[in-house]
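Dumped coords-v8.cif below, it's mmCIF, C-alpha atoms:
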data_model
#
loop_
_atom_site.label_atom_id
_atom_site.label_comp_id
_atom_site.auth_asym_id
_atom_site.auth_seq_id
_atom_site.Cartn_x
_atom_site.Cartn_y
_atom_site.Cartn_z
CA MET A 24 -1.08 -2.12 -31.55
CA THR A 25 -2.57 -1.08 -34.86
CA ALA A 26 -0.60 0.21 -37.80
CA THR A 27 -2.28 3.60 -37.44
CA GLU A 28 -1.27 3.88 -33.80
CA GLU A 29 2.28 2.97 -34.70
CA ARG A 30 2.50 5.45 -37.56
CA LEU A 31 0.97 8.32 -35.58
CA ARG A 32 3.05 7.54 -32.53
CA ALA A 33 6.26 7.59 -34.57
CA LEU A 34 5.27 10.99 -35.98
CA PHE A 35 4.29 12.36 -32.57
CA VAL A 36 7.46 11.17 -30.84
CA ARG A 37 9.53 12.90 -33.52
CA ALA A 38 7.33 16.00 -33.15
CA LEU A 39 7.92 16.09 -29.40
CA GLU A 40 11.64 16.13 -30.14
CA GLY A 41 11.13 19.23 -32.25
CA ASP A 42 10.52 17.85 -35.78
CA GLN A 43 8.12 20.41 -37.20
CA ALA A 44 7.29 18.53 -40.41
CA ALA A 45 6.43 15.39 -38.44
CA TYR A 46 4.25 17.47 -36.13
CA HIS A 47 2.40 19.01 -39.06
CA ALA A 48 1.75 15.58 -40.57
CA PHE A 49 0.64 14.25 -37.19
CA LEU A 50 -1.86 17.07 -36.55
CA LYS A 51 -3.20 16.83 -40.09
CA ASP A 52 -3.87 13.10 -39.72
CA LEU A 53 -5.18 13.53 -36.22
CA SER A 54 -7.74 16.12 -37.27
CA ALA A 55 -9.27 13.61 -39.70
CA TYR A 56 -9.53 10.94 -37.00
CA LEU A 57 -10.93 13.42 -34.51
CA ARG A 58 -13.49 14.58 -37.03
CA ALA A 59 -14.73 11.04 -37.68
CA PHE A 60 -14.76 10.27 -33.96
CA LEU A 61 -16.68 13.41 -33.01
CA ARG A 62 -19.02 13.34 -35.99
CA ARG A 63 -20.17 9.88 -34.96
CA ARG A 64 -20.77 11.00 -31.40
CA LEU A 65 -22.27 14.40 -32.09
CA ALA A 66 -24.70 13.29 -34.78
CA GLY A 67 -27.33 15.42 -33.02
CA ALA A 68 -25.23 18.57 -33.41
CA PRO A 69 -23.21 18.40 -36.63
CA ASP A 70 -22.51 22.16 -36.42
CA GLU A 71 -20.45 21.65 -33.28
CA VAL A 72 -18.11 19.06 -34.76
CA GLU A 73 -15.54 21.26 -36.50
CA ASP A 74 -15.33 23.65 -33.53
CA LEU A 75 -14.68 20.74 -31.24
CA VAL A 76 -12.07 19.28 -33.63
CA GLN A 77 -10.25 22.61 -33.40
CA GLU A 78 -10.63 22.87 -29.64
CA THR A 79 -9.28 19.34 -29.21
CA LEU A 80 -6.33 20.01 -31.53
CA LEU A 81 -5.49 23.06 -29.45
CA ALA A 82 -5.76 20.95 -26.27
CA VAL A 83 -3.49 18.25 -27.72
CA HIS A 84 -0.98 20.95 -28.62
CA ASN A 85 -1.11 22.76 -25.28
CA GLN A 86 -0.82 19.55 -23.25
CA ARG A 87 1.53 17.61 -25.52
CA HIS A 88 4.22 17.55 -22.83
CA THR A 89 1.96 15.28 -20.71
CA TYR A 90 2.40 12.40 -23.16
CA LEU A 91 4.91 9.75 -22.10
CA PRO A 92 6.47 8.14 -25.20
CA ASP A 93 6.22 4.62 -23.76
CA GLU A 94 2.45 4.89 -23.17
CA PRO A 95 -0.12 4.00 -25.86
CA LEU A 96 -0.89 7.10 -27.90
CA THR A 97 -4.49 6.07 -28.61
CA ALA A 98 -5.37 6.04 -24.91
CA TRP A 99 -3.84 9.51 -24.45
CA LEU A 100 -5.64 10.98 -27.46
CA HIS A 101 -8.90 9.26 -26.63
CA ALA A 102 -8.85 10.59 -23.06
CA ILE A 103 -8.35 14.16 -24.33
CA ALA A 104 -11.04 13.88 -27.04
CA LYS A 105 -13.50 12.35 -24.60
CA TYR A 106 -12.71 14.99 -21.97
CA LYS A 107 -13.26 17.83 -24.43
CA LEU A 108 -16.47 16.25 -25.71
CA ILE A 109 -17.90 15.84 -22.20
CA ASP A 110 -16.76 19.35 -21.32
CA LEU A 111 -18.66 20.70 -24.34
CA LEU A 112 -21.79 18.76 -23.45
CA ARG A 113 -21.58 20.04 -19.88
CA ARG A 114 -21.23 23.61 -21.12
CA ARG A 115 -24.27 23.14 -23.28
CA SER A 116 -26.04 21.13 -20.55
CA ARG A 117 -27.07 18.92 -23.42
CA ARG A 118 -26.10 15.34 -22.82
CA ASP A 119 -28.91 14.38 -25.19
CA LEU A 120 -26.73 15.53 -28.09
CA LEU A 121 -24.51 12.57 -27.45
CA HIS A 122 -25.24 9.99 -30.07
CA ASP A 123 -23.06 7.12 -29.07
CA THR A 124 -21.67 5.70 -25.88
CA LEU A 125 -18.40 6.97 -24.49
CA ASP A 126 -16.73 3.73 -23.54
CA ASP A 127 -12.99 3.45 -23.39
CA GLY A 128 -12.66 1.52 -26.60
CA PRO A 129 -9.63 2.07 -28.82
CA GLU A 130 -11.82 3.33 -31.63
CA LEU A 131 -10.48 6.88 -31.91
CA LEU A 132 -8.05 5.87 -34.63
CA ALA A 133 -10.56 3.53 -36.28
CA ALA A 134 -11.86 5.94 -38.90
CA ALA A 135 -10.71 9.16 -40.54
CA ASP A 136 -12.76 11.91 -42.12
CA GLY A 137 -10.94 14.46 -44.25
CA GLU A 138 -14.02 16.47 -45.14
CA ALA A 139 -13.78 19.49 -42.90
CA ALA A 140 -16.94 21.49 -42.38
CA GLU A 141 -16.77 25.21 -41.72
CA ALA A 142 -15.95 25.99 -38.14
CA ARG A 143 -18.60 28.23 -36.59
CA ARG A 144 -16.23 29.80 -34.14
CA ASP A 145 -13.51 31.84 -35.80
CA LEU A 146 -10.30 31.26 -33.88
CA ALA A 147 -8.64 34.11 -35.78
CA LYS A 148 -11.22 36.50 -34.34
CA LEU A 149 -10.85 35.04 -30.87
CA LEU A 150 -7.11 35.50 -31.23
CA GLU A 151 -7.64 39.22 -31.69
CA SER A 152 -9.14 39.40 -28.22
CA LEU A 153 -5.90 38.25 -26.59
CA PRO A 154 -3.68 40.75 -24.83
CA GLU A 155 -1.14 42.29 -27.21
CA ARG A 156 1.94 40.75 -25.53
CA GLN A 157 0.53 37.27 -26.19
CA ARG A 158 -1.12 37.99 -29.52
CA MET A 159 1.84 39.48 -31.39
CA PRO A 160 4.23 36.57 -30.74
CA ILE A 161 1.50 34.16 -31.93
CA VAL A 162 0.90 36.21 -35.08
CA HIS A 163 4.62 36.27 -35.92
CA VAL A 164 5.56 32.70 -35.03
CA LYS A 165 2.36 30.76 -35.64
CA LEU A 166 0.58 32.63 -38.41
CA GLN A 167 3.41 34.28 -40.35
CA GLY A 168 5.74 31.37 -39.72
CA LEU A 169 8.71 33.45 -38.59
CA ALA A 170 11.48 31.78 -36.63
CA VAL A 171 11.38 32.46 -32.89
CA SER A 172 14.66 34.37 -33.21
CA GLU A 173 13.21 36.65 -35.93
CA ALA A 174 10.04 37.29 -33.94
CA ALA A 175 12.16 38.07 -30.89
CA LYS A 176 14.11 40.68 -32.86
CA ILE A 177 10.97 42.34 -34.24
CA LEU A 178 9.22 42.41 -30.88
CA GLY A 179 12.29 43.37 -28.88
CA MET A 180 11.80 40.38 -26.60
CA SER A 181 14.15 37.55 -25.69
CA GLN A 182 13.62 34.24 -27.50
CA SER A 183 12.49 32.52 -24.34
CA ALA A 184 10.03 35.35 -23.64
CA VAL A 185 8.56 34.82 -27.13
CA LYS A 186 8.20 31.08 -26.51
CA VAL A 187 6.54 31.67 -23.14
CA ALA A 188 4.19 34.28 -24.63
CA VAL A 189 3.15 31.91 -27.44
CA HIS A 190 2.57 29.11 -24.93
CA ARG A 191 0.57 31.34 -22.55
CA GLY A 192 -1.35 32.87 -25.45
CA LEU A 193 -2.50 29.48 -26.74
CA LYS A 194 -3.55 28.54 -23.23
CA THR A 195 -5.50 31.79 -22.92
CA LEU A 196 -7.08 31.02 -26.27
CA ALA A 197 -8.20 27.61 -24.99
CA ALA A 198 -9.61 29.27 -21.86
CA ARG A 199 -11.52 31.80 -24.01
CA ILE A 200 -13.02 28.95 -26.01
CA ARG A 201 -14.28 27.41 -22.76
CA GLY A 202 -15.70 30.79 -21.86
CA ASP A 203 -13.67 31.14 -18.67
CA THR A 204 -12.53 34.67 -19.31
CA MET B 29 -9.95 29.97 -39.29
CA LYS B 30 -10.05 26.67 -41.15
CA THR B 31 -8.85 23.54 -39.37
CA GLU B 32 -5.95 23.09 -41.78
CA GLU B 33 -4.84 26.65 -41.05
CA LEU B 34 -4.98 25.89 -37.34
CA VAL B 35 -2.93 22.73 -37.89
CA ALA B 36 -0.30 24.71 -39.79
CA ALA B 37 -0.27 27.39 -37.09
CA LEU B 38 0.10 24.91 -34.25
CA ALA B 39 2.95 23.13 -36.01
CA ALA B 40 4.76 26.36 -36.94
CA GLY B 41 7.74 26.95 -34.68
CA ALA B 42 6.45 24.38 -32.21
CA GLY B 43 9.89 23.25 -31.07
CA PRO B 44 10.54 20.34 -28.74
CA ALA B 45 8.03 19.65 -25.96
CA ASP B 46 9.07 20.19 -22.37
CA ALA B 47 9.08 16.51 -21.35
CA ARG B 48 10.25 17.18 -17.80
CA GLY B 49 7.66 19.93 -17.28
CA PRO B 50 5.07 17.85 -15.41
CA VAL B 51 7.53 16.41 -12.88
CA ARG B 52 9.20 19.79 -12.42
CA ARG B 53 5.83 21.44 -11.78
CA PHE B 54 5.02 18.96 -9.03
CA ALA B 55 8.51 19.30 -7.54
CA VAL B 56 8.13 23.08 -7.32
CA ALA B 57 4.65 22.74 -5.80
CA LEU B 58 5.76 20.15 -3.26
CA VAL B 59 8.90 22.00 -2.17
CA LEU B 60 7.22 25.40 -1.81
CA GLY B 61 4.11 23.94 -0.18
CA SER B 62 5.98 21.86 2.38
CA LEU B 63 8.37 24.69 3.24
CA LEU B 64 5.40 26.95 3.91
CA ALA B 65 3.71 24.24 5.99
CA ALA B 66 6.92 23.61 7.98
CA LEU B 67 7.29 27.33 8.60
CA ALA B 68 3.67 27.60 9.75
CA MET B 69 4.14 24.62 12.06
CA ALA B 70 7.35 26.00 13.57
CA VAL B 71 5.97 29.52 14.07
CA LEU B 72 2.35 28.84 15.03
CA LEU B 73 2.65 25.50 16.88
CA GLY B 74 6.34 25.02 17.62
CA VAL B 75 8.58 22.00 17.16
CA ARG B 76 8.31 19.51 20.03
CA PRO B 77 10.92 20.20 22.70
CA THR B 78 11.33 16.45 23.21
CA LEU B 79 11.94 15.73 19.52
CA GLY B 80 15.45 14.49 20.24
CA ARG B 81 14.18 11.93 22.73
CA ASP B 82 11.28 10.90 20.45
CA SER B 83 13.65 10.08 17.63
CA GLY B 84 14.80 7.14 19.72
CA LEU B 85 11.29 5.67 19.76
CA ALA B 86 10.25 3.23 17.05
CA MET B 87 6.70 4.58 17.03
CA PHE B 88 7.92 8.06 16.05
CA TRP B 89 9.44 6.57 12.90
CA VAL B 90 6.41 4.37 12.27
CA LYS B 91 4.27 7.51 12.39
CA LEU B 92 6.50 9.33 9.88
CA ALA B 93 6.62 6.27 7.62
CA PHE B 94 2.82 5.91 7.76
CA VAL B 95 1.99 9.47 6.71
CA GLY B 96 5.00 9.64 4.39
CA ALA B 97 3.75 6.56 2.52
CA LEU B 98 0.34 8.21 2.08
CA ALA B 99 1.99 11.39 0.77
CA ILE B 100 4.03 9.39 -1.74
CA ALA B 101 0.95 7.42 -2.84
CA GLY B 102 -0.83 10.76 -3.33
CA LEU B 103 2.08 12.19 -5.29
CA ILE B 104 2.31 9.24 -7.68
CA ALA B 105 -1.47 9.18 -8.11
CA ALA B 106 -1.55 12.94 -8.76
CA LEU B 107 1.23 12.69 -11.33
CA ARG B 108 -0.47 9.83 -13.15
CA LEU B 109 -3.89 11.49 -13.08
CA SER B 110 -2.32 14.61 -14.61
CA ARG B 111 -1.68 12.67 -17.82
CA PRO B 112 -4.64 11.82 -20.03
CA GLY B 113 -5.35 8.12 -20.38
CA ALA B 114 -2.76 6.98 -17.83
CA SER B 115 -3.95 4.26 -15.49
CA LEU B 116 -4.01 4.96 -11.78
CA GLY B 117 -2.17 1.74 -10.92
CA TRP B 118 -0.93 0.86 -7.45
CA PRO B 119 -1.18 4.14 -5.46
CA PRO B 120 -4.60 3.29 -3.92
CA TYR B 121 -3.07 0.11 -2.50
CA ALA B 122 -0.01 2.02 -1.35
CA ALA B 123 -2.38 4.25 0.62
CA ALA B 124 -4.60 1.43 1.91
CA VAL B 125 -1.91 -0.97 3.12
CA PRO B 126 -0.21 1.35 5.68
CA THR B 127 -3.61 2.58 6.88
CA VAL B 128 -4.88 -0.95 7.50
CA GLY B 129 -1.49 -1.71 9.09
CA ILE B 130 -1.91 1.14 11.58
CA TRP B 131 -5.45 -0.04 12.34
CA LEU B 132 -4.17 -3.56 13.05
CA VAL B 133 -1.47 -2.26 15.40
CA ALA B 134 -4.13 -0.07 17.04
CA LEU B 135 -6.40 -3.09 17.58
CA ILE B 136 -3.57 -5.06 19.19
CA GLU B 137 -2.74 -2.02 21.34
CA LEU B 138 -6.34 -1.66 22.45
CA ALA B 139 -6.80 -5.39 23.06
CA ARG B 140 -3.79 -5.43 25.35
CA ALA B 141 -4.86 -2.33 27.30
CA GLU B 142 -7.12 -2.36 30.36
CA PRO B 143 -10.72 -1.75 29.19
CA ALA B 144 -10.87 1.44 31.25
CA ALA B 145 -7.74 2.83 29.59
CA ARG B 146 -8.82 2.21 26.00
CA LEU B 147 -10.69 5.45 25.41
CA ALA B 148 -7.72 7.44 26.67
CA LEU B 149 -5.47 5.66 24.15
CA VAL B 150 -7.73 6.70 21.29
CA LEU B 151 -8.29 10.26 22.47
CA GLY B 152 -4.73 11.01 23.60
CA GLN B 153 -4.38 14.62 24.73
CA THR B 154 -5.02 16.41 21.44
CA ALA B 155 -7.85 14.61 19.62
CA ALA B 156 -9.98 17.75 19.44
CA VAL B 157 -7.40 19.80 17.53
CA CYS B 158 -5.34 17.20 15.66
CA PRO B 159 -7.43 16.70 12.48
CA PHE B 160 -7.91 20.45 11.96
CA ARG B 161 -4.24 21.20 12.44
CA ILE B 162 -3.30 18.50 9.94
CA ALA B 163 -5.86 19.84 7.47
CA GLY B 164 -4.57 23.38 8.06
CA LEU B 165 -0.96 22.38 7.49
CA ALA B 166 -2.07 20.51 4.37
CA LEU B 167 -3.43 23.72 2.85
CA PRO B 168 -0.20 25.09 1.25
CA VAL B 169 0.56 21.79 -0.53
CA PHE B 170 -3.13 21.43 -1.42
CA VAL B 171 -3.22 24.76 -3.23
CA ALA B 172 0.20 24.16 -4.82
CA ALA B 173 -0.72 20.66 -6.02
CA LEU B 174 -3.96 21.90 -7.59
CA TRP B 175 -1.93 24.63 -9.32
CA ALA B 176 0.52 22.01 -10.61
CA MET B 177 -2.30 19.81 -11.88
CA LYS B 178 -4.22 22.60 -13.51
CA GLY B 179 -1.26 23.34 -15.77
CA LEU B 180 -1.25 19.71 -16.90
CA ALA B 181 -4.12 17.67 -18.28
CA PRO B 182 -6.17 15.74 -15.71
CA THR B 183 -9.26 14.14 -17.27
CA ARG B 184 -10.78 12.49 -14.20
CA LEU B 185 -11.14 15.65 -12.18
CA ARG B 186 -12.78 14.32 -9.02
CA LEU B 187 -10.20 11.58 -8.62
CA ALA B 188 -7.40 13.99 -9.51
CA GLY B 189 -8.59 16.43 -6.85
CA ALA B 190 -8.69 13.63 -4.27
CA ALA B 191 -5.13 12.59 -5.19
CA ALA B 192 -3.93 16.18 -4.74
CA GLY B 193 -5.72 16.09 -1.36
CA LEU B 194 -3.96 12.88 -0.34
CA LEU B 195 -0.58 14.36 -1.28
CA ALA B 196 -1.44 17.46 0.77
CA GLY B 197 -2.90 15.51 3.70
CA GLY B 198 0.11 13.19 3.92
CA THR B 199 2.54 16.09 3.72
CA GLY B 200 0.57 18.12 6.28
CA ALA B 201 0.53 15.16 8.69
CA PHE B 202 4.26 14.59 8.14
CA VAL B 203 4.99 18.21 9.07
CA TYR B 204 2.56 18.11 12.01
CA ALA B 205 4.33 15.01 13.40
CA PHE B 206 7.22 17.28 14.41
CA HIS B 207 4.90 19.12 16.76
CA CYS B 208 2.42 16.43 17.78
CA PRO B 209 3.04 14.55 21.07
CA GLU B 210 0.86 11.53 20.20
CA LEU B 211 2.55 8.22 19.41
CA GLU B 212 -0.23 5.66 19.94
CA ALA B 213 -1.39 3.77 16.85
CA ALA B 214 -4.97 4.01 18.16
CA PHE B 215 -4.70 7.80 18.04
CA LEU B 216 -3.04 7.90 14.61
CA GLY B 217 -5.54 5.47 13.12
CA VAL B 218 -8.42 7.77 13.99
CA TRP B 219 -7.37 11.42 14.17
CA TYR B 220 -4.50 11.45 11.70
CA VAL B 221 -6.64 9.55 9.21
CA ILE B 222 -9.50 12.03 9.65
CA GLY B 223 -7.09 14.95 9.32
CA MET B 224 -5.74 13.58 6.05
CA LEU B 225 -9.19 12.72 4.74
CA ILE B 226 -10.34 16.35 5.05
CA PRO B 227 -8.16 17.55 2.13
CA VAL B 228 -8.95 14.35 0.19
CA ALA B 229 -12.68 15.08 0.47
CA LEU B 230 -12.13 18.76 -0.29
CA GLY B 231 -10.10 17.84 -3.37
CA ALA B 232 -12.81 15.50 -4.64
CA LEU B 233 -15.34 18.27 -4.04
CA VAL B 234 -13.55 21.15 -5.78
CA GLY B 235 -11.63 19.09 -8.40
CA PRO B 236 -14.29 19.19 -11.12
CA ARG B 237 -14.51 22.98 -10.82
CA VAL B 238 -10.93 24.00 -10.13
CA LEU B 239 -9.07 21.57 -12.40
CA ARG B 240 -10.95 22.23 -15.66
CA TRP B 241 -8.74 23.03 -18.62
#

Here is the file; what I need is its structure written in the form of structure tokens.
Amino acid sequence: MTATEERLRALFVRALEGDQAAYHAFLKDLSAYLRAFLRRRLAGAPDEVEDLVQETLLAVHNQRHTYLPDEPLTAWLHAIAKYKLIDLLRRRSRRDLLHDTLDDGPELLAAADGEAAEARRDLAKLLESLPERQRMPIVHVKLQGLAVSEAAKILGMSQSAVKVAVHRGLKTLAARIRGDT
Amino acid sequence: MKTEELVAALAAGAGPADARGPVRRFAVALVLGSLLAALAMAVLLGVRPTLGRDSGLAMFWVKLAFVGALAIAGLIAALRLSRPGASLGWPPYAAAVPTVGIWLVALIELARAEPAARLALVLGQTAAVCPFRIAGLALPVFVAALWAMKGLAPTRLRLAGAAAGLLAGGTGAFVYAFHCPELEAAFLGVWYVIGMLIPVALGALVGPRVLRW
């Protein structure tokens, strides 16, 4: 197990227990590794890289409950990144964009790239297309950083309803990115 | 939205992850699906009137153990395939061993029988309807298992669909066993296996489409 795996895993395990600062640090680090990983593989389509970094981060967030803390984190992350990459290529019907092979090597955490390019797809705009009952909780909790209890008071919803709406909204957002709806 | 803004947004108010969510989802799917299948069996086909007598026969329990083992192998496989990067592990063997076991018992059964009686052992009385009834009774769990998986994160969609099909096929066959009069291994090894393979094949077929996330 590499030092990177160990450090990221420690952060992620704390994040899954509800440590927001650890989660922020984890996602920040992860985006750099994802960027390097995807940039290497999408050399034929550099414009797509940042969008796919964002899509994969959203996928990691939405599916984070499927990670078992005793499993290797690299394998879990790699499987998600690879899945999202193949899904993108299938959507574009452009396997020729793929620059490198997609073997199951542990190389996802091998290199980091902190130089974010501009994303072409604006998630903020896509967010506006969500139904109001999902959008408003996301705006309050995720973008304005209000506590769930505060957002619940403003929206006149229960706290659990706010949590469910945020969760569903982010899943809808991921579906919109895929172009399902 | 910049990536660092997205990172901040995702982390904001994230709270603890629902670690038991995946298992709970499958439990809900399995319970609802099998109840519906059992209800359909009882209403449309009827429980065997001789069930009480059958429960004294070893072969009745062998039959339940056989299809039950396949359902459990399907369940474990489906759960594992719902988590990115998890290895499939032993479930394929857990499905293969009882199947080969039934085939071996069937071969012994057939070898001992008079040549003229062998075909009748394989065909039983219900060969023509058995696989379709099993596949039909598998449908509720099939749909429920795909629903459970879709909310998780399968990355090998064809295999994941097949695992959901095995869970459904095994459960459907288990439920059907309470109606079905057949107890010969030669019958089970052919028609039950075909009945359970129908949802497996269907799952492999629709998995890549239905399970995308």

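Going from atom CA of B:Val169 over to atom CA of B:Ser62, you cover 6.2 Å.
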
Could you state the separation of atom CA of A:Ala140 and atom CA of A:Arg114 in Å, given to one decimal place?
21.8 Å

Write out as a PyMOL selection string each polymer residue whose atoms come within 12 Å of A:Gly179, counting all atoms listed in the file; drop sequence neighbours fewer than 6 positions from it.
chain A and resi 156+159-160+171-173+185

Could those selected residues go to a file with C-alpha atoms, as a PDB file, keeping the file's coordinate frame?
ATOM      1  CA  ARG A 156       1.940  40.750 -25.530  1.00  0.00           C
ATOM      2  CA  MET A 159       1.840  39.480 -31.390  1.00  0.00           C
ATOM      3  CA  PRO A 160       4.230  36.570 -30.740  1.00  0.00           C
ATOM      4  CA  VAL A 171      11.380  32.460 -32.890  1.00  0.00           C
ATOM      5  CA  SER A 172      14.660  34.370 -33.210  1.00  0.00           C
ATOM      6  CA  GLU A 173      13.210  36.650 -35.930  1.00  0.00           C
ATOM      7  CA  VAL A 185       8.560  34.820 -27.130  1.00  0.00           C
TER       8      VAL A 185
END

Picked residues, the PyMOL selection byres ((chain B and resi 181) around 10), expected as a PyMOL selection string
(chain A and resi 82-83+85-90+102-103+106) or (chain B and resi 50+109-113+176-180+182-185+239-241)

Keeping only C-alpha atoms, take the residues you just selected and write them out as a PDB file, in the frame of the given file.
ATOM      1  CA  ALA A  82      -5.760  20.950 -26.270  1.00  0.00           C
ATOM      2  CA  VAL A  83      -3.490  18.250 -27.720  1.00  0.00           C
ATOM      3  CA  ASN A  85      -1.110  22.760 -25.280  1.00  0.00           C
ATOM      4  CA  GLN A  86      -0.820  19.550 -23.250  1.00  0.00           C
ATOM      5  CA  ARG A  87       1.530  17.610 -25.520  1.00  0.00           C
ATOM      6  CA  HIS A  88       4.220  17.550 -22.830  1.00  0.00           C
ATOM      7  CA  THR A  89       1.960  15.280 -20.710  1.00  0.00           C
ATOM      8  CA  TYR A  90       2.400  12.400 -23.160  1.00  0.00           C
ATOM      9  CA  ALA A 102      -8.850  10.590 -23.060  1.00  0.00           C
ATOM     10  CA  ILE A 103      -8.350  14.160 -24.330  1.00  0.00           C
ATOM     11  CA  TYR A 106     -12.710  14.990 -21.970  1.00  0.00           C
TER      12      TYR A 106
ATOM     13  CA  PRO B  50       5.070  17.850 -15.410  1.00  0.00           C
ATOM     14  CA  LEU B 109      -3.890  11.490 -13.080  1.00  0.00           C
ATOM     15  CA  SER B 110      -2.320  14.610 -14.610  1.00  0.00           C
ATOM     16  CA  ARG B 111      -1.680  12.670 -17.820  1.00  0.00           C
ATOM     17  CA  PRO B 112      -4.640  11.820 -20.030  1.00  0.00           C
ATOM     18  CA  GLY B 113      -5.350   8.120 -20.380  1.00  0.00           C
ATOM     19  CA  ALA B 176       0.520  22.010 -10.610  1.00  0.00           C
ATOM     20  CA  MET B 177      -2.300  19.810 -11.880  1.00  0.00           C
ATOM     21  CA  LYS B 178      -4.220  22.600 -13.510  1.00  0.00           C
ATOM     22  CA  GLY B 179      -1.260  23.340 -15.770  1.00  0.00           C
ATOM     23  CA  LEU B 180      -1.250  19.710 -16.900  1.00  0.00           C
ATOM     24  CA  PRO B 182      -6.170  15.740 -15.710  1.00  0.00           C
ATOM     25  CA  THR B 183      -9.260  14.140 -17.270  1.00  0.00           C
ATOM     26  CA  ARG B 184     -10.780  12.490 -14.200  1.00  0.00           C
ATOM     27  CA  LEU B 185     -11.140  15.650 -12.180  1.00  0.00           C
ATOM     28  CA  LEU B 239      -9.070  21.570 -12.400  1.00  0.00           C
ATOM     29  CA  ARG B 240     -10.950  22.230 -15.660  1.00  0.00           C
ATOM     30  CA  TRP B 241      -8.740  23.030 -18.620  1.00  0.00           C
TER      31      TRP B 241
END

Using all atoms listed in the file, which of B:Leu103, B:Leu63, B:Ala229, B:Ala114 sits nearest chain A?
B:Ala114

Can you tell me which residues surround B:Leu194 at a distance of at most 9 Å, considering all atoms listed in the file, apart from same-chain residues fewer than 5 positions away, and format the answer as an mmCIF file with C-alpha atoms, in the frame of the given file?
data_model
loop_
_atom_site.group_PDB
_atom_site.id
_atom_site.type_symbol
_atom_site.label_atom_id
_atom_site.label_comp_id
_atom_site.auth_asym_id
_atom_site.auth_seq_id
_atom_site.Cartn_x
_atom_site.Cartn_y
_atom_site.Cartn_z
ATOM 1 C CA LEU B 98 0.340 8.210 2.080
ATOM 2 C CA ALA B 99 1.990 11.390 0.770
ATOM 3 C CA ILE B 100 4.030 9.390 -1.740
ATOM 4 C CA ALA B 101 0.950 7.420 -2.840
ATOM 5 C CA GLY B 102 -0.830 10.760 -3.330
ATOM 6 C CA LEU B 103 2.080 12.190 -5.290
ATOM 7 C CA ALA B 105 -1.470 9.180 -8.110
ATOM 8 C CA ALA B 106 -1.550 12.940 -8.760
ATOM 9 C CA ALA B 123 -2.380 4.250 0.620
ATOM 10 C CA PHE B 170 -3.130 21.430 -1.420
ATOM 11 C CA GLY B 189 -8.590 16.430 -6.850
ATOM 12 C CA THR B 199 2.540 16.090 3.720
ATOM 13 C CA MET B 224 -5.740 13.580 6.050
ATOM 14 C CA LEU B 225 -9.190 12.720 4.740
ATOM 15 C CA PRO B 227 -8.160 17.550 2.130
ATOM 16 C CA VAL B 228 -8.950 14.350 0.190
ATOM 17 C CA GLY B 231 -10.100 17.840 -3.370
#

Record the distance separating atom CA of B:Phe202 and atom CA of B:Gly164, expressed in Å with one decimal.
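Those two atoms sit 12.5 Å apart.
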
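Evaluated on this file, the PyMOL selection byres ((chain B) within 7 of (chain A)) matches Met29, Lys30, Thr31, Val35, Ala36, Ala37, Leu38, Ala39, Ala40, Gly41, Ala42, Gly43, Pro44, Ala45, Asp46, Ala47, Gly49, Pro50, Arg111, Pro112, Gly113, Leu180, Ala181 and Thr183 of chain B.
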
Six-sided padding of 5 Å per side, axis-aligned box over stretch 118-132 of chain B, centre and edges in Å, one decimal, as JSON:
{"center_x": -2.7, "center_y": 0.3, "center_z": 2.8, "size_x": 15.4, "size_y": 17.8, "size_z": 30.5}

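Put simply, the PyMOL selection byres ((chain B and resi 167) around 10) on this file hits B:Gly61, B:Ser62, B:Leu64, B:Ala65, B:Arg161, B:Ile162, B:Ala163, B:Gly164, B:Leu165, B:Ala166, B:Pro168, B:Val169, B:Phe170, B:Val171, B:Ala172, B:Ala173, B:Gly193, B:Ala196, B:Gly197, B:Thr199, B:Gly200, B:Pro227.
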
Within 10 Å of file point (-13.9, 11.9, -35.8), counting all atoms listed in the file, expressed as a compact mmCIF listing (two decimals) with C-alpha atoms, in the coordinates of the input:
# COMPACT_ATOMS: atom_id res chain seq x y z
CA LEU A 53 -5.18 13.53 -36.22
CA SER A 54 -7.74 16.12 -37.27
CA ALA A 55 -9.27 13.61 -39.70
CA TYR A 56 -9.53 10.94 -37.00
CA LEU A 57 -10.93 13.42 -34.51
CA ARG A 58 -13.49 14.58 -37.03
CA ALA A 59 -14.73 11.04 -37.68
CA PHE A 60 -14.76 10.27 -33.96
CA LEU A 61 -16.68 13.41 -33.01
CA ARG A 62 -19.02 13.34 -35.99
CA ARG A 63 -20.17 9.88 -34.96
CA ARG A 64 -20.77 11.00 -31.40
CA LEU A 65 -22.27 14.40 -32.09
CA VAL A 72 -18.11 19.06 -34.76
CA GLU A 73 -15.54 21.26 -36.50
CA LEU A 75 -14.68 20.74 -31.24
CA VAL A 76 -12.07 19.28 -33.63
CA ALA A 104 -11.04 13.88 -27.04
CA GLU A 130 -11.82 3.33 -31.63
CA LEU A 131 -10.48 6.88 -31.91
CA LEU A 132 -8.05 5.87 -34.63
CA ALA A 133 -10.56 3.53 -36.28
CA ALA A 134 -11.86 5.94 -38.90
CA ALA A 135 -10.71 9.16 -40.54
CA ASP A 136 -12.76 11.91 -42.12
CA GLY A 137 -10.94 14.46 -44.25

Excluding stretch 143-157 of chain B and residues on its chain fewer than 2 positions from it, collect all residues at most 12 Å away from it, counting all atoms listed in the file, and give them as a PyMOL selection string.
chain B and resi 73+131+134-141+159-164+204+207-223

Skip B:Gly74 itself and residues of its chain fewer than 3 positions away, then list as a list in words all residues within 12 Å of it, counting only C-alpha atoms.
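Once the nearby chain positions are removed, what remains is Ala65, Ala66, Leu67, Ala68, Met69, Ala70, Val71, Pro77, Thr78, Leu79, Val203, Tyr204, Ala205, Phe206, His207, Cys208 and Pro209 of chain B.
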